[in-house]
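Q: Encoded as structure tokens, here's the structure I'll be asking about.
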Amino acid sequence: MKEPRPCRCQLFLLTYAMLLTFSSAAQDIDLRSVSSTYAIKDATIVQSPGKVINDGIVLLEDGVIKAVGKSVTIPAHAQIIEADSMYVYAGFINGLSHAGLPKPKEKTFDRGKIKDPANPPNELAGIQPEQMASNLLKPADESVSSLRKLGFTAAHSVPHGRMLPGKGTLILLHGSTADEMVLINETSMFSQLSGAPRRLYPNTVIGVMAKYRELYRQASQSKDYQIRYKSNASGMTKPEQSFVEEAFYPVLEKRIPVVFKAQSVLDIQRVLTLQSDLGFNLVLGEVKQGWDVIDKLKGSDAKVFLTLDFPKINEEKPDSVTIEEPKTKTDFELEKEHLEKRKQEMIEKHFLQASAFKEKGIIFGFSTLEVKPGDIKKNLNALLDFGMDESDVLAALTTHPAELLGVSNIMGTIDVGKMANLIISDRPYFQKESNLRYVFVNGNIHEYEAKPDKKKEKDTDKN
Amino acid sequence: MKSSLNRTLLGCLMVLALTAYGQNAKGKYATFALTNATIETVTNGTIQNGTLVISAGKIEAIGSNVTIPSDAETIDCSGYTIYPGLIEGGARLGLTEVNSDARTRDFNEIGQVIPQIQALTAVNPNSVLIPVTRVSGVTTSLAVPSGGLFSGTAALINLYGYTPDQMYAGFKGIVLNYPRSGKRGRWDRQDDEEINRAYKKAIKNLNDIWTKVAEYHKLDSAIKASGSRKNLDYYPEMEALLPVYRGEMTLLLEVNASKDIKSAIEWVKGKDLRVVFTGVSEGWRAAEELAEANIPVITGPVLSRPTRAYDRYDRPYANPGLMHKAGVKVAIRNNGAENVRNLPYDAGFAATYGMGKKEALEAITINTAEILGVEKELGSLEAGKVANLFVADGDIFETKTQVKHVFISGWQIPMESRHTKLYDEFLDRNPGIKK
Amino acid sequence: MKKHVLLIFLSLFILTIKAQEKGSVLIQKGTVLTITNGVQENADVLIKDGKIQKIGQGLKAPSGTKVIDARGMYVMPGIIDAHSHIALDAINEATSPVTAEVCTGDAVNPLNISIYRALAGGVTASHAMHGSANAVGGQCETIKHRYGTVDPEELKMKGAPRTIKFALGENPTRVHGSGNGILPRTRMGVEEVFRRSFSKAQEYTAAWDAYNSKRNQKGFQGMAPKYDLRLQTLADILKGEIIIHCHSYRADEIYMLMQVCKDFGIKKLVFQHVNEGFKVAPELAEFGAMASVFADWWAYKFEVYYSTAYNATILTKNGVVTSINSDSGELIRHLYHEAAKTQKYGGLSDDKALELITINPAKQLGIDDRVGSLEVGKEGDVAIFKNHPLSIYAIPMYTIVDGVVEFDRENDPADMRIYPDIDEKIDVTIAVADSEYDRCMQDTEFLFEN
């Protein structure tokens, strides 16, 4: 009675095979480059902010910058990139991002099953400092290619989450595996002042700060005991295993800093309070309203990454130069004018923040936790519109983040010996019409077509 | 014989028990002569060393040269001032007991359009809150339902009586919560678009309802004119709104933000309504428009925070005065429940911050009465008016002033409340610290 | 581009942010209500570098000192509010019945406009409290109203004693018992929370004492007790280092907490709201507990149904150190008027009534050696009124903190925001006048949404 019919398993396999066929047809053919040596010719080379070589050559070999200058001998096995009239810059470094780490779906949980909301599982409380960004990396995530397309070749990347989402990692924005991408596995302990979801401890900023202090001190205590235990365990009670506490050890040993996301003027200062209570090395990220606390920041020795997320600027604002009709305004009209002006000034302060930091002699990089990649270039240009020097913006994208992340020896400038991270633009990068044509990450080339209409531009990713 | 004696004894005991454990002592209804008093008539200036006679629930005579009826109980008011009873222009007093307990809240019925529901039926004459209020000189209060678009019918009550009808003070009005264009509070999570959509929808709803009322009026008028026996189908909402539409009944239009006030002025225009704006916390931003439209307001609470972060800190205090100066007829309300007794302080702050004492007093007496159309009965000390009045040992706005006697509808009110009784019992507690 | 250049110039003139400062000012010829030393007519008050230097007649100040002509005005110490939640970004960590480890000091928001509005009511210092959701709430912050800074630290009154919020009755039982299904659901449970917490804190202290006594012995291999910020804080209460400020209403629960405190040797105890305090006034006086009450709030919830506005008077006449508080961004604007209500309800004298908003709240916060009266050596916190402050016609004219004029009615720009809201729609009212019963319960709304 058995009727021959395809079993489910076969059917599934068939579908899968078809999918594979279709998807591979749509993919680029992934052949490696003919040579790992490149010579970029006749380019305007911005070696570092303010230092320019006209009609120069950059020679890259095996992922390292071999030579830079006007007279460089180009070996025969080098692939030539004709960069006449083009501009070469060091690859940008993103000071704090979620690059390669897509936001995980918010875990839903059954309230009824949580017996003690005062003591929820760490995962729900948002206390997971033991997570490693490098373990969570998704190389194919769009965030990687979209940042690269803007000129970023490296990024400090941290997991999504709440109070303690995990450890940050420094990645190169190229590669198909985490192993290929990760440059420094454990760079920071990422922290935020965000509480656990409804009903769970710690819920508010006061709960988070108290919990942070407690965890930090508990870790410090357990570390001391661990050291004694490891040196001679005989006669000693075995310490409790705590991955959370152990995750603090590199911070306690000052091997890595705490990287705190702090946008508002008050959150920045709250983080400084925690730092002065606990004494960790601090990097502040995504700083949005720091202009009034620059001196305080200076006193804390915190390193700073300013956000590239700016409020919308009201372009309809009447030009302040226009001559008003001589008429007496009502109190309400005057009030409205005053309010509009104050609001406008407040918005502008966000754009002027970077200049204010520069003036006070604080070096900073940029972070992009809260900004859409599509807005980044527009926002960089806005900084120039608000009077910031091009070289200062460039420094905040290259040399300064390299210094702040401790990788100046291999990144940030186009100098011999540094990693072959650089970008080539058809016009000066900060011209609004400029197009990136090539991005080299660790010597791997990514080529882009110059298209005036940016929306249609595609990352062709030839490598 | 014995048993009847027992019964009498038992009766006496019961009366005693009731006196001891009852809520309050009884009011006294008689002819009273209040002598040697300063009399703030409100409408006819101040009478020094005057006499006021209360008889049959009314002010029988008032002046410096008044014959005291032989049966009158004389109360010497030397050094004291007689004021007309203060009128609260919009509160939940009588409609709620313990605000956090929904079982005691009777001011917010379910439904968006329920103009027909009656606040008066839900007034609890025995609310503990009422004696607390009246011994401070507030004799009359507008019980206002809230929530929805048309919340129901508000009713003016005197704060003495054992049934709602005994308390009813002659005014009813229908409450309209005019749609709000802004957020409803800091906790309101709606975004601008949602708010705007909700606002437009609410305005459309209101206009649709009004179109229906107009239609109802048309048909109702036609039926009446034709002498037809056919009636319109049962439609209590329209039935209730009809007198408002015809300008025979007052519309109490609650509106606060300046933008909404201006919108409401436009809405009212051409409708030929008897309308009062209530709340009007940003009235100072639309004072000229209100004056021009000749719309009276009942505003308050005066003791409240500015509505906007950038407003001058004293705007709520100055608001009644600013509207008054622009030519708006202003009454002041406290808008609370258990602390409507603070109505004189709402007026006092308004007086201090620009309104002036005389005007502020009018704003809690005669103006409220006029706005509600009960000025023939209430709101000032005049012969023939209802004897709602009180005697104080000083300026009623001053915080320390003591109210000595209160009369409501001619009843002399016992000067006690839960607050005074607890004071009497616990000032020198017995036993004290020792058992 | 050009347009923006212009804007940059404009932005240079924006409100400069003040650093914490101490000022000097001479207040001349006012009626000086010293609180602790009677009334001085036609007297001067000289504040130098933030401190009161002299009070008397015909005082001279170094040239350049700001002079305020207070003729016809009343000069009193800055008003102190022993219970408020202004200037806080978080009020309740309502997720646990015991949260002794949290500090509202971490949530201080110096940008809050309520600070300026409190100044405009003569209030120079307030107690920024944790809410009443938990039986043992968080630690509170005593702040001075130094408005105009963005630095939370500058608001904090450095050196003021530590305080902590406790709560009895409906709020903690509603949040945890009814809301989360955990103890406490009744007033019995609330007592249990205290006894359990303090007992654990005693154990914790004992464990540390034992550890500390042994740790330096040769060959000691033991493990330290696990650090616990919550128990550590509770232990600090037992040591007398923290003043308990307990949200309370009913006489029985007030009595209960006094018994608990007696059993654990705790002496520093202030009851907040304490609406039925008048019923146990002799016991409060005997214990030495203090009371911070509303002038006349009642009936907004069942546990305040049997209240009386005569509470402050009865407590005062029984010898309990009593203050009038606001617990509200509205009432804090006119505490002088709230204090005057004790003259209506019980006929307190001017002196007694003013003590309720000056030296008494200072005592309750443990800062009466620094503020709360006009005395030489105290901090220069002053409120100056047109008309007597207890009169309904009183108008605060100047408010001075540390000798700096923070509020001047004659020079009061309407818009006093430090950081304007960049998302606001101008001419749209966000909040209509709202009553705010139980701000104490802010951040707990989520518990009652279903």
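Residues are named by chain letter and number: chains run A, B, ... in the order of the structure tokens, numbers start at 1 in each chain, and ligands are numbered from 1 in the order shown.
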Run DSSP on the backbone and tell me which residues of segment 347-418 of chain C come out as alpha helix (DSSP H); list them as number ranges by chain.

A: C: 350-355, 359-364

Q: Could you write out as a PyMOL selection string the residues of chain B within 10 Å of chain A, counting only C-alpha atoms?

A: chain B and resi 285+310-311

Q: Which residue, C:Met157, C:Ile237, C:Leu231, C:Leu119, has the smallest gap to Asp408 of chain C when you use only C-alpha atoms?

A: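 Nearest to Asp408 of chain C: C:Leu119.
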
Q: Counting only C-alpha atoms, which residues of chain A come no farther than 7 Å from chain C, as a list in words?

A: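 The complete set of qualifying residues is Pro117, Ala118, Arg199, Leu200, Tyr201, Asn203, Thr204, Val205, Ile206, Gly207, Ala210, Glu214, Gln218, Met236, Arg270, Arg342, Lys343, Glu345, Met346, Ile347, Asp385, Phe386 and Gly387 of chain A.
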
Q: Just to be explicit: take each residue in the selection above, keep N, CA and C atoms, and write the result as a tab-separated table (two decimals), in the first residue's frame.

A:
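Here's the written file again_18.tsv:
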chain	number	residue	atom	x	y	z
A	117	PRO	N	11.43	40.20	41.54
A	117	PRO	CA	11.82	41.28	40.62
A	117	PRO	C	13.01	42.07	41.15
A	118	ALA	N	13.28	41.91	42.45
A	118	ALA	CA	14.40	42.63	43.03
A	118	ALA	C	15.72	41.95	42.71
A	199	ARG	N	9.79	46.79	36.04
A	199	ARG	CA	9.60	45.94	37.21
A	199	ARG	C	10.85	45.24	37.71
A	200	LEU	N	11.93	45.31	36.99
A	200	LEU	CA	13.11	44.56	37.41
A	200	LEU	C	14.20	45.49	37.91
A	201	TYR	N	14.93	44.98	38.90
A	201	TYR	CA	16.04	45.72	39.49
A	201	TYR	C	17.30	45.51	38.66
A	203	ASN	N	16.19	49.38	37.97
A	203	ASN	CA	15.30	49.94	36.96
A	203	ASN	C	15.64	51.39	36.59
A	204	THR	N	15.96	52.20	37.56
A	204	THR	CA	16.20	53.62	37.31
A	204	THR	C	17.69	53.94	37.40
A	205	VAL	N	18.02	55.17	37.10
A	205	VAL	CA	19.43	55.56	37.10
A	205	VAL	C	20.03	55.43	38.51
A	206	ILE	N	19.22	55.66	39.54
A	206	ILE	CA	19.78	55.53	40.90
A	206	ILE	C	20.04	54.06	41.22
A	207	GLY	N	19.17	53.18	40.72
A	207	GLY	CA	19.40	51.75	40.91
A	207	GLY	C	20.64	51.29	40.16
A	210	ALA	N	23.86	52.47	41.91
A	210	ALA	CA	24.13	51.73	43.14
A	210	ALA	C	24.64	50.34	42.80
A	214	GLU	N	28.26	48.51	43.66
A	214	GLU	CA	28.33	47.25	44.40
A	214	GLU	C	29.10	46.19	43.61
A	218	GLN	N	32.49	44.44	44.77
A	218	GLN	CA	32.48	42.98	44.97
A	218	GLN	C	33.56	42.34	44.12
A	236	MET	N	42.13	26.90	52.01
A	236	MET	CA	41.23	28.02	51.73
A	236	MET	C	39.93	27.53	51.12
A	270	ARG	N	27.15	62.13	35.87
A	270	ARG	CA	26.88	60.95	36.70
A	270	ARG	C	27.99	59.92	36.52
A	342	ARG	N	16.23	81.05	21.52
A	342	ARG	CA	16.89	80.19	22.50
A	342	ARG	C	16.95	78.75	22.04
A	343	LYS	N	15.87	78.31	21.44
A	343	LYS	CA	15.82	76.93	20.96
A	343	LYS	C	16.89	76.73	19.88
A	345	GLU	N	19.58	78.50	19.40
A	345	GLU	CA	20.93	78.55	19.99
A	345	GLU	C	21.29	77.22	20.64
A	346	MET	N	20.30	76.63	21.29
A	346	MET	CA	20.54	75.34	21.96
A	346	MET	C	20.89	74.28	20.93
A	347	ILE	N	20.17	74.29	19.83
A	347	ILE	CA	20.45	73.32	18.77
A	347	ILE	C	21.87	73.54	18.24
A	385	ASP	N	30.56	73.61	8.47
A	385	ASP	CA	29.70	74.79	8.32
A	385	ASP	C	29.70	75.63	9.59
A	386	PHE	N	29.79	74.95	10.72
A	386	PHE	CA	29.78	75.69	11.98
A	386	PHE	C	31.18	76.12	12.40
A	387	GLY	N	32.08	76.13	11.45
A	387	GLY	CA	33.35	76.80	11.72
A	387	GLY	C	34.49	75.92	12.14

Q: Which one of B:Asp101, B:Glu370, B:Glu194, B:Glu60 sits closest to Phe302 of chain C if you count only C-alpha atoms?

A: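 That would be B:Asp101, the residue with the smallest distance to Phe302 of chain C.
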
Q: Find the spatial neighbours of Val72 of chain A, counting only C-alpha atoms, within a cut-off of 12 Å - ignore same-chain residues fewer than 2 positions away - and output them as a list in words.

A: Ala39, Ile40, Lys41, Asp42, Asp55, Gly56, Ile57, Val58, Leu59, Leu60, Lys66, Ala67, Val68, Gly69, Lys70, Ile74, Pro75 and Val416 of chain A

Q: Please produce a file of the residues just selected, as an mmCIF file, in the first residue's frame, where the atoms kept are N, CA and C atoms.

A:
data_model
loop_
_atom_site.group_PDB
_atom_site.id
_atom_site.type_symbol
_atom_site.label_atom_id
_atom_site.label_comp_id
_atom_site.auth_asym_id
_atom_site.auth_seq_id
_atom_site.Cartn_x
_atom_site.Cartn_y
_atom_site.Cartn_z
ATOM 1 N N ALA A 39 50.073 50.101 -5.779
ATOM 2 C CA ALA A 39 50.702 51.415 -5.830
ATOM 3 C C ALA A 39 49.647 52.427 -6.237
ATOM 4 N N ILE A 40 49.464 53.434 -5.358
ATOM 5 C CA ILE A 40 48.489 54.479 -5.660
ATOM 6 C C ILE A 40 49.286 55.647 -6.222
ATOM 7 N N LYS A 41 48.984 55.994 -7.477
ATOM 8 C CA LYS A 41 49.845 56.931 -8.202
ATOM 9 C C LYS A 41 49.216 58.304 -8.375
ATOM 10 N N ASP A 42 50.053 59.299 -8.399
ATOM 11 C CA ASP A 42 49.674 60.675 -8.778
ATOM 12 C C ASP A 42 48.554 61.253 -7.915
ATOM 13 N N ASP A 55 50.777 64.953 -5.847
ATOM 14 C CA ASP A 55 51.296 64.022 -6.859
ATOM 15 C C ASP A 55 52.214 62.980 -6.249
ATOM 16 N N GLY A 56 51.787 62.344 -5.250
ATOM 17 C CA GLY A 56 52.640 61.366 -4.572
ATOM 18 C C GLY A 56 52.199 59.945 -4.864
ATOM 19 N N ILE A 57 52.990 59.066 -4.293
ATOM 20 C CA ILE A 57 52.722 57.635 -4.472
ATOM 21 C C ILE A 57 52.647 56.985 -3.094
ATOM 22 N N VAL A 58 51.674 56.091 -2.942
ATOM 23 C CA VAL A 58 51.637 55.252 -1.740
ATOM 24 C C VAL A 58 51.790 53.822 -2.195
ATOM 25 N N LEU A 59 52.713 53.144 -1.563
ATOM 26 C CA LEU A 59 52.935 51.742 -1.912
ATOM 27 C C LEU A 59 52.492 50.857 -0.745
ATOM 28 N N LEU A 60 51.591 49.931 -1.057
ATOM 29 C CA LEU A 60 51.078 49.019 -0.031
ATOM 30 C C LEU A 60 51.548 47.618 -0.353
ATOM 31 N N LYS A 66 54.242 50.490 2.637
ATOM 32 C CA LYS A 66 55.677 50.243 2.419
ATOM 33 C C LYS A 66 56.427 51.527 2.120
ATOM 34 N N ALA A 67 55.750 52.407 1.387
ATOM 35 C CA ALA A 67 56.434 53.650 1.027
ATOM 36 C C ALA A 67 55.409 54.726 0.761
ATOM 37 N N VAL A 68 55.793 55.965 1.066
ATOM 38 C CA VAL A 68 54.955 57.121 0.762
ATOM 39 C C VAL A 68 55.880 58.225 0.293
ATOM 40 N N GLY A 69 55.529 58.907 -0.778
ATOM 41 C CA GLY A 69 56.368 60.031 -1.160
ATOM 42 C C GLY A 69 56.207 60.380 -2.622
ATOM 43 N N LYS A 70 57.035 61.320 -3.036
ATOM 44 C CA LYS A 70 56.966 61.764 -4.426
ATOM 45 C C LYS A 70 57.720 60.806 -5.333
ATOM 46 N N ILE A 74 58.084 51.836 -7.991
ATOM 47 C CA ILE A 74 56.945 50.920 -7.982
ATOM 48 C C ILE A 74 57.392 49.566 -8.488
ATOM 49 N N PRO A 75 57.287 48.534 -7.662
ATOM 50 C CA PRO A 75 57.724 47.212 -8.114
ATOM 51 C C PRO A 75 56.799 46.684 -9.206
ATOM 52 N N VAL A 416 54.897 55.099 6.620
ATOM 53 C CA VAL A 416 55.517 53.787 6.375
ATOM 54 C C VAL A 416 55.444 52.951 7.646
#

Q: Lys271 of chain B: which residues within 9 Å, counting only C-alpha atoms, same-chain residues fewer than 2 positions away excluded, as a PyMOL selection string?

A: chain B and resi 245-247+267-269+273

Q: I need the residues from that last selection saved to file as a PDB file, in the first residue's frame (with N, CA and C atoms), if you can.

A:
ATOM      1  N   TYR B 245     -28.118  74.274  23.202  1.00  0.00           N
ATOM      2  CA  TYR B 245     -28.136  74.769  21.823  1.00  0.00           C
ATOM      3  C   TYR B 245     -29.013  76.012  21.704  1.00  0.00           C
ATOM      4  N   ARG B 246     -30.107  75.986  22.422  1.00  0.00           N
ATOM      5  CA  ARG B 246     -31.055  77.103  22.342  1.00  0.00           C
ATOM      6  C   ARG B 246     -30.672  78.284  23.226  1.00  0.00           C
ATOM      7  N   GLY B 247     -29.532  78.135  23.910  1.00  0.00           N
ATOM      8  CA  GLY B 247     -29.086  79.235  24.756  1.00  0.00           C
ATOM      9  C   GLY B 247     -29.910  79.387  26.022  1.00  0.00           C
ATOM     10  N   TRP B 267     -15.067  78.579  17.996  1.00  0.00           N
ATOM     11  CA  TRP B 267     -16.126  77.554  17.951  1.00  0.00           C
ATOM     12  C   TRP B 267     -17.457  78.114  18.479  1.00  0.00           C
ATOM     13  N   VAL B 268     -17.326  78.910  19.513  1.00  0.00           N
ATOM     14  CA  VAL B 268     -18.518  79.452  20.166  1.00  0.00           C
ATOM     15  C   VAL B 268     -19.181  80.525  19.307  1.00  0.00           C
ATOM     16  N   LYS B 269     -18.331  81.208  18.538  1.00  0.00           N
ATOM     17  CA  LYS B 269     -18.805  82.342  17.734  1.00  0.00           C
ATOM     18  C   LYS B 269     -19.994  81.956  16.854  1.00  0.00           C
ATOM     19  N   LEU B 273     -24.733  80.937  22.288  1.00  0.00           N
ATOM     20  CA  LEU B 273     -24.835  80.086  23.473  1.00  0.00           C
ATOM     21  C   LEU B 273     -24.722  80.919  24.735  1.00  0.00           C
TER      22      LEU B 273
END

Q: Once you count only C-alpha atoms, which residues of chain B turn out to be within 8 Å of chain C? Could you give them as a short mmCIF file (atom, residue, chain, number, x, y, z; two decimals) with N, CA and C atoms, in the first residue's frame?

A:
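part_20.cif, written as the output of this step:
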data_model
loop_
_atom_site.label_atom_id
_atom_site.label_comp_id
_atom_site.auth_asym_id
_atom_site.auth_seq_id
_atom_site.Cartn_x
_atom_site.Cartn_y
_atom_site.Cartn_z
N GLU B 97 -15.02 61.03 47.94
CA GLU B 97 -14.75 61.01 49.37
C GLU B 97 -13.26 60.80 49.61
N VAL B 98 -12.75 59.66 49.15
CA VAL B 98 -11.32 59.36 49.27
C VAL B 98 -10.81 59.18 47.85
N ASN B 99 -10.09 60.16 47.37
CA ASN B 99 -9.86 60.24 45.93
C ASN B 99 -9.15 59.03 45.33
N SER B 100 -8.25 58.39 46.09
CA SER B 100 -7.50 57.27 45.51
C SER B 100 -8.37 56.02 45.40
N ASP B 101 -9.53 56.03 46.04
CA ASP B 101 -10.37 54.85 46.05
C ASP B 101 -11.52 55.03 45.06
N SER B 181 -5.22 70.49 22.08
CA SER B 181 -4.30 70.36 20.95
C SER B 181 -2.92 69.90 21.38
N GLY B 182 -2.63 69.98 22.67
CA GLY B 182 -1.30 69.60 23.12
C GLY B 182 -1.32 68.31 23.91
N LYS B 183 -0.18 68.00 24.50
CA LYS B 183 -0.10 66.81 25.33
C LYS B 183 -0.97 66.98 26.56
N ARG B 184 -1.41 65.87 27.10
CA ARG B 184 -2.27 65.96 28.26
C ARG B 184 -1.49 66.03 29.57
N GLY B 185 -0.19 65.90 29.47
CA GLY B 185 0.64 65.99 30.67
C GLY B 185 2.02 65.50 30.35
N ARG B 186 2.91 65.57 31.32
CA ARG B 186 4.28 65.15 31.06
C ARG B 186 4.36 63.66 30.79
N ASN B 256 -8.00 75.20 28.69
CA ASN B 256 -6.87 75.76 29.43
C ASN B 256 -5.76 76.38 28.59
N ALA B 257 -5.29 75.65 27.58
CA ALA B 257 -4.16 76.15 26.81
C ALA B 257 -4.59 77.32 25.92
N SER B 258 -3.69 78.25 25.70
CA SER B 258 -4.07 79.47 24.97
C SER B 258 -4.57 79.15 23.56
N LYS B 259 -3.90 78.22 22.91
CA LYS B 259 -4.30 77.86 21.56
C LYS B 259 -5.74 77.31 21.56
N SER B 281 -6.38 78.26 32.42
CA SER B 281 -5.12 78.52 33.11
C SER B 281 -4.18 79.39 32.28
N LEU B 303 -3.50 78.72 42.92
CA LEU B 303 -2.28 78.16 43.49
C LEU B 303 -1.90 76.92 42.69
N SER B 304 -1.25 77.18 41.56
CA SER B 304 -0.81 76.08 40.72
C SER B 304 0.47 76.50 40.02
N ARG B 305 1.08 75.53 39.35
CA ARG B 305 2.36 75.84 38.70
C ARG B 305 2.13 76.40 37.32
N PRO B 306 3.07 77.18 36.82
CA PRO B 306 2.94 77.67 35.45
C PRO B 306 2.79 76.50 34.49
N THR B 307 2.06 76.74 33.41
CA THR B 307 1.81 75.65 32.48
C THR B 307 3.00 75.35 31.58
N ARG B 308 3.91 76.30 31.46
CA ARG B 308 5.07 76.08 30.58
C ARG B 308 6.36 76.36 31.33
N ALA B 309 7.39 75.63 30.96
CA ALA B 309 8.67 75.76 31.66
C ALA B 309 9.22 77.17 31.55
N TYR B 310 8.91 77.88 30.47
CA TYR B 310 9.50 79.21 30.29
C TYR B 310 8.58 80.33 30.76
N ASP B 311 7.46 79.98 31.34
CA ASP B 311 6.57 81.03 31.86
C ASP B 311 7.13 81.63 33.14
N ARG B 312 6.88 82.92 33.32
CA ARG B 312 7.22 83.56 34.56
C ARG B 312 6.56 82.80 35.71
N TYR B 313 7.31 82.69 36.83
CA TYR B 313 6.86 81.81 37.92
C TYR B 313 5.50 82.20 38.49
N GLU B 338 -11.43 67.94 48.83
CA GLU B 338 -11.31 68.01 50.29
C GLU B 338 -10.75 69.35 50.76
N ASN B 339 -10.10 70.09 49.87
CA ASN B 339 -9.55 71.37 50.30
C ASN B 339 -10.14 72.57 49.57
N TYR B 345 -7.90 81.52 49.69
CA TYR B 345 -6.47 81.72 49.45
C TYR B 345 -6.16 81.79 47.96
N GLY B 348 -7.02 85.16 47.44
CA GLY B 348 -6.05 86.02 48.13
C GLY B 348 -4.77 86.17 47.32
N PHE B 349 -4.29 85.07 46.74
CA PHE B 349 -3.09 85.17 45.91
C PHE B 349 -3.37 86.01 44.67
N ALA B 351 -5.49 88.40 44.49
CA ALA B 351 -5.55 89.79 44.98
C ALA B 351 -4.14 90.36 45.11
N THR B 352 -3.24 89.56 45.69
CA THR B 352 -1.87 90.01 45.94
C THR B 352 -1.10 90.24 44.64
N PHE B 397 -9.30 86.80 53.43
CA PHE B 397 -8.16 86.33 52.65
C PHE B 397 -6.98 85.96 53.54
N GLU B 398 -6.86 86.67 54.66
CA GLU B 398 -5.72 86.41 55.54
C GLU B 398 -5.79 85.00 56.10
N THR B 399 -4.65 84.32 56.04
CA THR B 399 -4.63 82.91 56.42
C THR B 399 -5.06 82.68 57.86
N LYS B 400 -4.66 83.58 58.74
CA LYS B 400 -4.91 83.32 60.16
C LYS B 400 -6.34 83.64 60.59
N THR B 401 -7.10 84.27 59.72
CA THR B 401 -8.46 84.68 60.07
C THR B 401 -9.33 83.48 60.45
N GLN B 402 -10.09 83.67 61.53
CA GLN B 402 -10.97 82.61 62.02
C GLN B 402 -12.40 82.90 61.60
N ARG B 418 -14.69 67.11 61.07
CA ARG B 418 -13.74 66.07 61.52
C ARG B 418 -12.46 66.73 62.05
N HIS B 419 -12.02 67.77 61.39
CA HIS B 419 -10.74 68.38 61.80
C HIS B 419 -10.82 69.01 63.17
N THR B 420 -11.91 69.71 63.45
CA THR B 420 -12.01 70.36 64.76
C THR B 420 -12.23 69.32 65.84
N LEU B 422 -11.18 66.18 65.91
CA LEU B 422 -9.93 65.48 66.23
C LEU B 422 -9.03 66.40 67.05
N TYR B 423 -9.08 67.68 66.76
CA TYR B 423 -8.30 68.65 67.54
C TYR B 423 -8.75 68.63 69.00
N PHE B 426 -7.62 65.37 70.66
CA PHE B 426 -6.21 64.98 70.78
C PHE B 426 -5.25 66.07 71.24
N LEU B 427 -5.74 67.32 71.34
CA LEU B 427 -4.79 68.37 71.76
C LEU B 427 -4.17 68.00 73.11
N ARG B 429 -4.37 64.80 74.86
CA ARG B 429 -4.88 63.43 74.83
C ARG B 429 -4.95 62.89 76.24
N GLY B 432 -2.49 60.47 78.45
CA GLY B 432 -1.33 60.94 77.69
C GLY B 432 -0.31 59.82 77.57
N ILE B 433 0.89 60.08 78.03
CA ILE B 433 1.95 59.10 77.82
C ILE B 433 1.82 57.90 78.75
#

Q: If you count only C-alpha atoms, which residues fall within 6 Å of Phe305 of chain A, apart from same-chain ones fewer than 3 positions away, as a list in words?

A: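 Contacts, with the query itself left out: Gly285, Glu286, Phe364, Gly365, Phe366 and Ser367 of chain A.
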
Q: Any chance you can output those residues with C-alpha atoms as a JSON list (two decimals), in the first residue's frame?

A:
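Result went into out-v8.json, see below:
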[["chain", "number", "residue", "atom", "x", "y", "z"],
["A", 285, "GLY", "CA", 31.26, 57.80, 24.36],
["A", 286, "GLU", "CA", 28.44, 59.33, 22.36],
["A", 364, "PHE", "CA", 38.48, 63.54, 20.86],
["A", 365, "GLY", "CA", 37.24, 61.10, 18.30],
["A", 366, "PHE", "CA", 33.73, 60.46, 17.07],
["A", 367, "SER", "CA", 31.24, 57.79, 17.97]]

Q: Per DSSP on the backbone, filter segment 55-179 of chain B down to the residues in strand (DSSP E or B) and report them as a ChimeraX atom specification.

A: /B:55,58-63,73-76,81-84,86-91,93,96,105,113,118,138-143,150-158,168-177

Q: Determine the nearest neighbour of Asp395 of chain B from the options B:Asp424, B:Glu375, B:Glu88, B:Glu40, counting only C-alpha atoms.

A: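 The closest residue to Asp395 of chain B is B:Glu40.
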
Q: Just the residues within 6 Å of Ile79 of chain C, please, counting only C-alpha atoms, with nothing from its chain fewer than 3 positions along; format it as a list in words.

A: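 My list of contacting residues is Gly122, Val123, Thr124, Ile357 and Thr358 of chain C.
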
Q: Using C-alpha atoms, can you export the residues from the last selection as a tab-separated table (two decimals), in the first residue's frame?

A:
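Saved as result-v7.tsv:
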chain	number	residue	atom	x	y	z
C	122	GLY	CA	11.76	82.02	49.36
C	123	VAL	CA	12.94	78.41	49.63
C	124	THR	CA	16.73	78.11	49.73
C	357	ILE	CA	9.64	76.25	57.79
C	358	THR	CA	13.07	77.36	59.03
